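Worksheet: one structure, shown below.
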Amino acid sequence: MKLTRRQFVASSLAAGVYVAGSAAPVWSESPNDKMNVAFIGCGGRGGANLKTVSGAGGVNVVTLCDVNGSNLARASELFPQAKTFEDFREVFDYPDDFDAVVVSTCEHTHAYATMPALRAGKHVYCEKPLTHNVAESRLVMNTAAEKKVATQMGTQIHGMPNYRRVVELVRSGAIGKIMEAHVWVSRAWGLQSAEAAKRNGDIIHITDRPAQGEPVPNGLNWDLWLGPAKERPFHSAYFPGPKWYRWWEFGNGTMSDLGSHWNDLPFWALELDAPLAVTPIGDQKPHEEIAPATMTAEYEYGKRGDADHLGALKLTWYQGEDKPDLWKNKEIPQWGNGVLFVGDKGMILSDYGKHVLLPEEKFKDFERPPQTIPDSPGQHEEWLIACRTGAPTGSPFSYAGLLTEANHLGNVAFRAGQRIEWNHADMKIPNCPDAERFLSREPRKGWSL
């Protein structure tokens, strides 16, 4: 059931299936007018976002910004009428130029590009993860709610049909009461041995910060790329991407990156928000500067409503070489990446593009529930529709911020080396106050939120 833009907006508002705050104010009195959009980050994901948003129709590309001169030059060739900048802080010296902003920088500068856009009352599309840490996420969520603008985090898989069908199955009670879920991904971006790196098909083996710097590549403004991060010499261990994901100063390893995609499914289907506690599993010692390649974290969620799928739950995240016991014992299909819902009447196993009810023999004659969640025109299109009409998006910052916080808390527990109890309202860890230092960071001089 693929919907037109008009049908999508109407059915979304009627069904109320999207998590969103107050409807965003429309950017123009006439939906037929073109919207002026600024793009911060034009290479990699930024280049893909630029192509998709500009090609959707009804969009003027008025501003381009990138710290990498090569990326900026390529984008400027496509849109020669757009103003160009190296420093995204200067973009906001001209707030009347644009109605909306697409943020596609590296993780450690997401909040620093997003916050001035929100404060200026601009609609924002930001790549995942929404922020670099929990404190930034809370600030972004609160500001977006205050400004009531259209927001979307770039988790494109959220807009694909497969996740929607799984959410419908979970909420229909197909597998009964769900008390545990498991999420595993094979990617191992982080600290690992040379043997493990080779086994995982990873060409990068890093165990410590490089002692010496290297020449900065032509066209790259390294100082601006660092942004709020602590100053250090350029080295190819950090740049280009995805190398920076491995370093706590710039990213959060596999968890914050792929957690945005894979934890999204149970977060949505089970209507999760803030965990009560998170426990790191295993005896791996955290590295001061590099995120782990292999890690397991167990989340405890309390009861959230009367429906069976909203009861108390344990959700376990595995990355790298870790897998659930059900997988190790070959009790479920050996998918390299997956989300497993375990209910008292069966299981649902899903990846990005497919899912299966288990045991298959039991469910061979199962009659699927009717479709209740309309298919999406896509994450970018949803956001553009929201900018024009005030309709909700699938992954607004009110939802994406909570998902981002939960993912970061997995790393916080790992770095603390113990179970942490989470006081969501006060952003405190009462049983381990020392772990609160991982919730935020002090930015470099000249950078502020």
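Chain identifiers are assigned as A, B, and so on, following the order in which chains appear in the structure tokens; residues are numbered from 1 within each chain, and ligands are numbered from 1 in order of appearance.
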Margin query: What's around stretch 212-226 of chain A at 8 Å? Count only C-alpha atoms, leave out sequence neighbours fewer than 3 positions away in its own chain, and write the answer as a list of chain:residue names.
Written below: A:Val67, A:Asn68, A:Gly69, A:Ser70, A:Glu86, A:Asp87, A:Ala229, A:Lys230, A:Glu231, A:Pro233, A:Phe234, A:His235, A:Ser236
Next item on the list: Might you pull out every residue within 9 Å of stretch 166-169 of chain A, with only C-alpha atoms counted and same-chain residues fewer than 2 positions away left off, and present them as a PyMOL selection string?
Entry: chain A and resi 161-164+171-175+265-266+268-270+348-350+355+368-373
Residues as selected, N, CA and C atoms, written as a compact mmCIF listing (two decimals), in the first residue's frame, can you do that?
```txt
# COMPACT_ATOMS: atom_id res chain seq x y z
N PRO A 161 9.11 -0.77 4.50
CA PRO A 161 7.92 -1.55 4.90
C PRO A 161 8.19 -2.65 5.92
N ASN A 162 9.36 -3.28 5.90
CA ASN A 162 9.58 -4.45 6.74
C ASN A 162 9.40 -4.14 8.23
N TYR A 163 10.01 -3.06 8.70
CA TYR A 163 9.88 -2.71 10.11
C TYR A 163 8.41 -2.48 10.48
N ARG A 164 7.66 -1.89 9.59
CA ARG A 164 6.26 -1.58 9.87
C ARG A 164 5.42 -2.85 10.05
N ARG A 171 2.43 -5.79 17.99
CA ARG A 171 1.31 -5.13 18.66
C ARG A 171 0.01 -5.91 18.52
N SER A 172 -0.06 -6.83 17.54
CA SER A 172 -1.27 -7.65 17.37
C SER A 172 -1.34 -8.79 18.38
N GLY A 173 -0.23 -9.05 19.08
CA GLY A 173 -0.19 -10.16 20.02
C GLY A 173 0.13 -11.49 19.36
N ALA A 174 0.70 -11.44 18.16
CA ALA A 174 0.97 -12.67 17.41
C ALA A 174 1.84 -13.65 18.19
N ILE A 175 2.79 -13.15 18.97
CA ILE A 175 3.66 -14.04 19.75
C ILE A 175 3.42 -13.88 21.25
N LEU A 265 13.91 -0.81 15.91
CA LEU A 265 12.77 -1.69 15.74
C LEU A 265 12.13 -2.08 17.08
N PRO A 266 12.87 -2.62 18.07
CA PRO A 266 12.23 -2.88 19.35
C PRO A 266 11.78 -1.61 20.07
N TRP A 268 10.51 1.00 18.75
CA TRP A 268 9.24 1.37 18.13
C TRP A 268 8.15 0.37 18.50
N ALA A 269 8.42 -0.90 18.23
CA ALA A 269 7.40 -1.94 18.41
C ALA A 269 6.96 -2.08 19.86
N LEU A 270 7.90 -1.94 20.78
CA LEU A 270 7.62 -2.14 22.20
C LEU A 270 7.40 -0.84 22.95
N ILE A 348 9.60 -13.64 16.87
CA ILE A 348 9.71 -12.94 15.58
C ILE A 348 11.17 -12.58 15.40
N LEU A 349 11.74 -12.98 14.26
CA LEU A 349 13.12 -12.63 13.91
C LEU A 349 13.08 -11.72 12.69
N SER A 350 13.81 -10.60 12.77
CA SER A 350 13.79 -9.64 11.67
C SER A 350 15.19 -9.11 11.40
N HIS A 355 11.49 -10.74 7.67
CA HIS A 355 11.23 -11.24 9.02
C HIS A 355 10.52 -12.58 8.92
N ARG A 368 -1.96 -13.05 8.98
CA ARG A 368 -1.35 -11.81 9.41
C ARG A 368 -2.41 -10.79 9.80
N PRO A 369 -2.07 -9.91 10.73
CA PRO A 369 -3.00 -8.83 11.08
C PRO A 369 -3.12 -7.85 9.92
N PRO A 370 -4.20 -7.11 9.87
CA PRO A 370 -4.34 -6.11 8.79
C PRO A 370 -3.29 -5.01 8.94
N GLN A 371 -2.95 -4.41 7.80
CA GLN A 371 -1.98 -3.32 7.84
C GLN A 371 -2.62 -2.09 8.48
N THR A 372 -1.98 -1.59 9.52
CA THR A 372 -2.48 -0.41 10.22
C THR A 372 -1.53 0.77 10.12
N ILE A 373 -0.27 0.51 9.80
CA ILE A 373 0.71 1.58 9.68
C ILE A 373 0.95 1.83 8.18
```
Next item on the list: Name all residues at most 8 Å from stretch 302-310 of chain A (count only C-alpha atoms; drop same-chain ones fewer than 2 positions away) and give them as JSON, numbers by chain.
Entry: {"A": [170, 171, 173, 176, 177, 178, 179, 270, 271, 272, 275, 276, 300, 312, 313]}
Margin query: When you count only C-alpha atoms, which of these residues is closest to A:Leu358: A:Asp344, A:Glu77, A:Glu289, A:Asp202?
Written below: A:Asp344
Extract, using only C-alpha atoms, all DNA, RNA and protein residues at most 8 Å from A:Thr207, discarding same-chain residues fewer than 2 positions from it, and format them as a PDB file with C-alpha atoms, in the first residue's frame.
```
ATOM      1  CA  LEU A 191      39.299  -1.759  19.599  1.00  0.00           C
ATOM      2  CA  GLN A 192      40.229  -5.263  18.435  1.00  0.00           C
ATOM      3  CA  SER A 193      43.263  -7.403  17.795  1.00  0.00           C
ATOM      4  CA  HIS A 205      43.661  -2.234  13.399  1.00  0.00           C
ATOM      5  CA  ARG A 209      46.157   7.132  19.746  1.00  0.00           C
ATOM      6  CA  ILE A 290      38.723   3.822  21.585  1.00  0.00           C
TER       7      ILE A 290
END
```
Next item on the list: Tell me, as a PyMOL selection string, which residues lie within 7 Å of stretch 383-386 of chain A, counting only C-alpha atoms; anything in the same chain fewer than 3 positions away does not count.
Entry: chain A and resi 24+150-152+379-380+389-393
Expected file: the selected residues, C-alpha atoms, as a PDB file, in the first residue's frame:
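New file out.pdb:
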```pdb
ATOM      1  CA  ALA A  24       5.254  21.794  13.146  1.00  0.00           C
ATOM      2  CA  ALA A 150       9.513  19.642  11.804  1.00  0.00           C
ATOM      3  CA  THR A 151      12.347  17.292  12.723  1.00  0.00           C
ATOM      4  CA  GLN A 152      13.585  13.933  11.491  1.00  0.00           C
ATOM      5  CA  GLN A 379      12.450   9.528   5.576  1.00  0.00           C
ATOM      6  CA  HIS A 380      13.389  12.590   3.530  1.00  0.00           C
ATOM      7  CA  THR A 389       1.958  20.760   6.240  1.00  0.00           C
ATOM      8  CA  GLY A 390       2.794  20.232   9.897  1.00  0.00           C
ATOM      9  CA  ALA A 391       2.200  16.487   9.572  1.00  0.00           C
ATOM     10  CA  PRO A 392       4.182  14.197  11.919  1.00  0.00           C
ATOM     11  CA  THR A 393       7.360  12.412  10.865  1.00  0.00           C
TER      12      THR A 393
END
```
Notebook entry, point to check: Can you list every residue in stretch 26-153 of chain A that DSSP puts in alpha helix (DSSP H), as a PyMOL selection string?
Noted result: chain A and resi 45-54+69-78+88-91+110-119+134-147
Check: What lies within 10 Å of A:Ala75 using only C-alpha atoms, ignoring chain neighbours under 6 positions off, as number ranges by chain?
Finding: A: 39, 41-43, 46-47, 50-51, 64-66, 69, 82, 84
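Among A:Ile332, A:Ala194, A:Ile157, A:Ile420, the residue with the shortest atom-to-atom distance to A:Thr279, counting only C-alpha atoms, is A:Ile420.
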Notebook entry, point to check: Mind checking DSSP for stretch 416-448 of chain A and telling me the strand (DSSP E or B) residues as a PyMOL selection string?
Noted result: chain A and resi 420-421+423+428
Selection export as a PDB file, in the first residue's frame, atoms kept: C-alpha atoms:
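New file part.pdb:
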```
ATOM      1  CA  ILE A 420      24.112   1.662  36.034  1.00  0.00           C
ATOM      2  CA  GLU A 421      20.694   2.713  37.324  1.00  0.00           C
ATOM      3  CA  ASN A 423      17.222   8.433  36.644  1.00  0.00           C
ATOM      4  CA  LYS A 428      21.549  11.053  37.106  1.00  0.00           C
TER       5      LYS A 428
END
```
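Residue nearest A:Glu405 within the list A:Asp365, A:Asp273, A:Glu382, A:Asp97: A:Asp273 [criterion: smallest interatomic distance, only C-alpha atoms].
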Margin query: If we count only C-alpha atoms and set the cut-off at 12 Å, which residues sit around stretch 317-322 of chain A, ignoring sequence neighbours fewer than 4 positions away in its own chain? Please answer as a PyMOL selection string.
Written below: chain A and resi 180-192+196-197+199-202+253-259+262-264+266+278-282+284+291-300+326-328+336-340+406-407+409-411+414
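Take the candidates A:Lys364, A:Arg444, A:His424, A:Arg89 and check each one against A:Ala117 using only C-alpha atoms; the shortest distance goes to A:Arg89.
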Checklist line | A:Gly353, A:Pro396, A:Gly44, A:Pro228 ranked by distance to A:Ser440, top pick (using only C-alpha atoms) | finding: A:Pro228
Note to self: Restricting the calculation to only C-alpha atoms: of A:Gly241, A:Ala38, A:Ala145, A:Ser76, which residue gets closest to A:Phe92?
What the structure shows: A:Ala38
